[in-house]
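Pasting target-v8.pdb here (PDB, C-alpha atoms and all ligand atoms):
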```pdb
ATOM      1  CA  MET A   1     -56.632 -40.262  41.709  1.00  0.00           C
ATOM      2  CA  ASN A   2     -58.053 -43.389  40.206  1.00  0.00           C
ATOM      3  CA  ALA A   3     -57.364 -44.289  36.598  1.00  0.00           C
ATOM      4  CA  LEU A   4     -60.845 -43.381  35.332  1.00  0.00           C
ATOM      5  CA  LEU A   5     -60.723 -39.884  36.863  1.00  0.00           C
ATOM      6  CA  GLU A   6     -57.178 -39.350  35.536  1.00  0.00           C
ATOM      7  CA  LYS A   7     -58.275 -40.392  32.021  1.00  0.00           C
ATOM      8  CA  ARG A   8     -61.320 -38.063  32.193  1.00  0.00           C
ATOM      9  CA  SER A   9     -59.117 -35.184  33.404  1.00  0.00           C
ATOM     10  CA  LYS A  10     -56.652 -35.659  30.503  1.00  0.00           C
ATOM     11  CA  ALA A  11     -59.554 -35.722  28.030  1.00  0.00           C
ATOM     12  CA  GLU A  12     -60.910 -32.469  29.517  1.00  0.00           C
ATOM     13  CA  ASP A  13     -57.463 -30.849  29.332  1.00  0.00           C
ATOM     14  CA  GLU A  14     -57.144 -31.852  25.676  1.00  0.00           C
ATOM     15  CA  TYR A  15     -60.667 -30.613  24.959  1.00  0.00           C
ATOM     16  CA  PHE A  16     -59.951 -27.203  26.522  1.00  0.00           C
ATOM     17  CA  ALA A  17     -56.544 -26.968  24.829  1.00  0.00           C
ATOM     18  CA  ARG A  18     -58.150 -27.717  21.438  1.00  0.00           C
ATOM     19  CA  GLN A  19     -60.891 -25.182  22.154  1.00  0.00           C
ATOM     20  CA  GLN A  20     -58.275 -22.525  23.031  1.00  0.00           C
ATOM     21  CA  LEU A  21     -56.311 -23.317  19.878  1.00  0.00           C
ATOM     22  CA  GLU A  22     -59.461 -22.979  17.738  1.00  0.00           C
ATOM     23  CA  LEU A  23     -60.251 -19.634  19.386  1.00  0.00           C
ATOM     24  CA  ARG A  24     -56.709 -18.381  18.671  1.00  0.00           C
ATOM     25  CA  LYS A  25     -56.925 -19.550  15.041  1.00  0.00           C
ATOM     26  CA  LYS A  26     -60.287 -17.786  14.657  1.00  0.00           C
ATOM     27  CA  TRP A  27     -58.830 -14.609  16.178  1.00  0.00           C
ATOM     28  CA  ALA A  28     -55.834 -14.759  13.789  1.00  0.00           C
ATOM     29  CA  ARG A  29     -58.141 -15.280  10.773  1.00  0.00           C
ATOM     30  CA  GLU A  30     -60.291 -12.317  11.801  1.00  0.00           C
ATOM     31  CA  ARG A  31     -57.228 -10.048  12.233  1.00  0.00           C
ATOM     32  CA  ALA A  32     -55.919 -11.146   8.807  1.00  0.00           C
ATOM     33  CA  GLU A  33     -59.291 -10.356   7.226  1.00  0.00           C
ATOM     34  CA  GLU A  34     -59.399  -6.968   8.928  1.00  0.00           C
ATOM     35  CA  MET A  35     -55.897  -6.179   7.657  1.00  0.00           C
ATOM     36  CA  ALA A  36     -56.740  -7.271   4.119  1.00  0.00           C
ATOM     37  CA  SER A  37     -59.908  -5.204   4.104  1.00  0.00           C
ATOM     38  CA  GLY A  38     -58.057  -2.199   5.560  1.00  0.00           C
ATOM     39  CA  GLN A  39     -55.338  -2.498   2.934  1.00  0.00           C
ATOM     40  CA  ALA A  40     -57.944  -2.736   0.166  1.00  0.00           C
ATOM     41  CA  GLU A  41     -59.531   0.486   1.445  1.00  0.00           C
ATOM     42  CA  GLN A  42     -56.124   2.172   1.623  1.00  0.00           C
ATOM     43  CA  LEU A  43     -55.260   1.099  -1.928  1.00  0.00           C
ATOM     44  CA  LYS A  44     -58.623   2.311  -3.212  1.00  0.00           C
ATOM     45  CA  ALA A  45     -58.130   5.678  -1.491  1.00  0.00           C
ATOM     46  CA  LEU A  46     -54.631   5.953  -2.985  1.00  0.00           C
ATOM     47  CA  HIS A  47     -55.590   5.009  -6.555  1.00  0.00           C
ATOM     48  CA  PHE A  48     -59.133   6.304  -6.987  1.00  0.00           C
ATOM     49  CA  MET A  49     -59.337   8.562 -10.045  1.00  0.00           C
ATOM     50  CA  LYS A  50     -55.589   8.359 -10.585  1.00  0.00           C
ATOM     51  CA  CYS A  51     -54.100   7.530 -13.975  1.00  0.00           C
ATOM     52  CA  PRO A  52     -52.874   3.913 -13.973  1.00  0.00           C
ATOM     53  CA  LYS A  53     -50.009   4.929 -16.273  1.00  0.00           C
ATOM     54  CA  CYS A  54     -48.530   8.034 -14.651  1.00  0.00           C
ATOM     55  CA  GLY A  55     -50.452   8.434 -11.373  1.00  0.00           C
ATOM     56  CA  MET A  56     -51.800  11.937 -12.067  1.00  0.00           C
ATOM     57  CA  ASP A  57     -55.457  12.870 -11.432  1.00  0.00           C
ATOM     58  CA  LEU A  58     -58.106  11.763 -13.899  1.00  0.00           C
ATOM     59  CA  HIS A  59     -60.805  14.231 -14.940  1.00  0.00           C
ATOM     60  CA  THR A  60     -64.256  13.091 -16.016  1.00  0.00           C
ATOM     61  CA  ILE A  61     -65.807  14.462 -19.162  1.00  0.00           C
ATOM     62  CA  GLU A  62     -69.309  13.469 -20.230  1.00  0.00           C
ATOM     63  CA  LEU A  63     -69.796  13.298 -23.971  1.00  0.00           C
ATOM     64  CA  HIS A  64     -73.033  12.050 -25.558  1.00  0.00           C
ATOM     65  CA  HIS A  65     -74.038  10.501 -22.197  1.00  0.00           C
ATOM     66  CA  VAL A  66     -70.780   8.562 -21.945  1.00  0.00           C
ATOM     67  CA  ARG A  67     -68.444   9.382 -19.083  1.00  0.00           C
ATOM     68  CA  VAL A  68     -64.801   9.391 -20.119  1.00  0.00           C
ATOM     69  CA  ASP A  69     -61.951   9.804 -17.625  1.00  0.00           C
ATOM     70  CA  GLN A  70     -58.866  11.447 -19.032  1.00  0.00           C
ATOM     71  CA  CYS A  71     -55.434  12.128 -17.595  1.00  0.00           C
ATOM     72  CA  ALA A  72     -54.380  15.728 -18.209  1.00  0.00           C
ATOM     73  CA  SER A  73     -50.724  14.725 -17.989  1.00  0.00           C
ATOM     74  CA  CYS A  74     -50.248  11.761 -20.372  1.00  0.00           C
ATOM     75  CA  LEU A  75     -53.660  12.196 -22.090  1.00  0.00           C
ATOM     76  CA  GLY A  76     -54.599   8.558 -21.465  1.00  0.00           C
ATOM     77  CA  ILE A  77     -58.331   7.883 -21.707  1.00  0.00           C
ATOM     78  CA  TRP A  78     -60.116   5.455 -19.388  1.00  0.00           C
ATOM     79  CA  LEU A  79     -63.596   4.075 -19.611  1.00  0.00           C
ATOM     80  CA  ASP A  80     -65.639   2.454 -16.874  1.00  0.00           C
ATOM     81  CA  ARG A  81     -67.154  -1.002 -17.267  1.00  0.00           C
ATOM     82  CA  GLY A  82     -69.636  -1.222 -20.093  1.00  0.00           C
ATOM     83  CA  GLU A  83     -68.805   2.109 -21.702  1.00  0.00           C
ATOM     84  CA  ILE A  84     -66.952   0.667 -24.694  1.00  0.00           C
ATOM     85  CA  GLU A  85     -69.922  -1.667 -25.356  1.00  0.00           C
ATOM     86  CA  GLN A  86     -72.255   1.320 -24.974  1.00  0.00           C
ATOM     87  CA  MET A  87     -70.242   3.259 -27.570  1.00  0.00           C
ATOM     88  CA  LEU A  88     -70.136   0.360 -29.986  1.00  0.00           C
ATOM     89  CA  GLN A  89     -73.893  -0.405 -29.983  1.00  0.00           C
ATOM     90  CA  PRO A  90     -75.210  -0.435 -33.572  1.00  0.00           C
ATOM     91  CA  GLU A  91     -77.908   2.187 -32.798  1.00  0.00           C
ATOM     92  CA  ARG A  92     -75.168   4.540 -31.628  1.00  0.00           C
ATOM     93  CA  GLU A  93     -73.131   4.173 -34.816  1.00  0.00           C
ATOM     94  CA  GLY A  94     -70.303   6.668 -35.048  1.00  0.00           C
ATOM     95  CA  LEU A  95     -70.456   7.591 -31.362  1.00  0.00           C
ATOM     96  CA  PHE A  96     -67.008   6.173 -30.654  1.00  0.00           C
ATOM     97  CA  GLU A  97     -65.456   8.217 -33.474  1.00  0.00           C
ATOM     98  CA  ARG A  98     -67.351  11.387 -32.395  1.00  0.00           C
ATOM     99  CA  ILE A  99     -66.149  11.035 -28.822  1.00  0.00           C
ATOM    100  CA  MET A 100     -62.572  10.197 -29.806  1.00  0.00           C
ATOM    101  CA  SER A 101     -62.443  13.174 -32.207  1.00  0.00           C
ATOM    102  CA  VAL A 102     -62.719  15.454 -29.169  1.00  0.00           C
ATOM    103  CA  PHE A 103     -59.396  14.141 -27.890  1.00  0.00           C
ATOM    104  CA  ARG A 104     -57.456  14.385 -31.161  1.00  0.00           C
TER     105      ARG A 104
HETATM  106 ZN    ZN B   1     -51.513   9.727 -17.015  1.00  0.00          ZN
END
```
Let's see the structure in the file written out as structure tokens.
Ligand SMILES: [Zn+2]
Amino acid sequence: MNALLEKRSKAEDEYFARQQLELRKKWARERAEEMASGQAEQLKALHFMKCPKCGMDLHTIELHHVRVDQCASCLGIWLDRGEIEQMLQPEREGLFERIMSVFR
């Protein structure tokens, strides 16, 4: 084999080796993403509507159009995003106290 052909052959080998390596890296990234997404789904399924303090089920109560999740075991009260702001709006003065009085 002359020197030019040998040089071209080595360059092709390196090109294909690099291509294979990139494909393996891509495959590994995709598997890692699949695992992470699967774990996130598993965690969500495990923790959805569970008390973050004691792990018991949360029960939703709607009071004055505000949904409040309460744990029947430790009596912790949990609000979804925006519900505290909703309760504290000036036009809804006293709503927070009215809702909290139900749990006292
Ligand atoms: Zn609890």
Find the nearest atom pair between each residue of chain A and ligand ZN 1 (chain B) for residues within 8 Å, count only C-alpha atoms and all ligand atoms, give distances in Å to one decimal, sort rows by chain and ascending number, and present the table as JSON lines.
```
{"residue": "A:Lys50", "atom": "CA", "partner": "B:ZN1", "partner_atom": "ZN", "distance": 7.7}
{"residue": "A:Cys51", "atom": "CA", "partner": "B:ZN1", "partner_atom": "ZN", "distance": 4.6}
{"residue": "A:Pro52", "atom": "CA", "partner": "B:ZN1", "partner_atom": "ZN", "distance": 6.7}
{"residue": "A:Lys53", "atom": "CA", "partner": "B:ZN1", "partner_atom": "ZN", "distance": 5.1}
{"residue": "A:Cys54", "atom": "CA", "partner": "B:ZN1", "partner_atom": "ZN", "distance": 4.2}
{"residue": "A:Gly55", "atom": "CA", "partner": "B:ZN1", "partner_atom": "ZN", "distance": 5.9}
{"residue": "A:Met56", "atom": "CA", "partner": "B:ZN1", "partner_atom": "ZN", "distance": 5.4}
{"residue": "A:Asp57", "atom": "CA", "partner": "B:ZN1", "partner_atom": "ZN", "distance": 7.5}
{"residue": "A:Leu58", "atom": "CA", "partner": "B:ZN1", "partner_atom": "ZN", "distance": 7.6}
{"residue": "A:Gln70", "atom": "CA", "partner": "B:ZN1", "partner_atom": "ZN", "distance": 7.8}
{"residue": "A:Cys71", "atom": "CA", "partner": "B:ZN1", "partner_atom": "ZN", "distance": 4.6}
{"residue": "A:Ala72", "atom": "CA", "partner": "B:ZN1", "partner_atom": "ZN", "distance": 6.8}
{"residue": "A:Ser73", "atom": "CA", "partner": "B:ZN1", "partner_atom": "ZN", "distance": 5.2}
{"residue": "A:Cys74", "atom": "CA", "partner": "B:ZN1", "partner_atom": "ZN", "distance": 4.1}
{"residue": "A:Leu75", "atom": "CA", "partner": "B:ZN1", "partner_atom": "ZN", "distance": 6.0}
{"residue": "A:Gly76", "atom": "CA", "partner": "B:ZN1", "partner_atom": "ZN", "distance": 5.5}
```
re CA of Asp69 in chain A and CA of Gly38 in chain A: distance 26.4 Å
* Name the residues that the PyMOL selection byres (((chain A and resi 99) around 9) and not hetatm) pulls out of this structure, and write them as a PyMOL selection string. => chain A and resi 63-64+66+68+87+94-98+100-103
Separating CA of Glu91 in chain A from CA of Glu62 in chain A, to the nearest tenth of an Å, is a gap of 19.0 Å
One decimal place gives the CA of Trp78 in chain A-CA of Gln42 in chain A separation as 21.6 Å
Restricting to all atoms listed in the file, whichever of A:Lys10, A:Lys26, A:Gln39, A:Arg67 is closest to Glu83 in chain A is A:Arg67
Adding 5 Å on each side of the box along x, y and z that holds all listed atoms of range 74-77 of chain A, could you give its centre and edge lengths in Å to one decimal, as JSON?
```
{"center_x": -54.3, "center_y": 10.0, "center_z": -21.2, "size_x": 18.1, "size_y": 14.3, "size_z": 11.7}
```
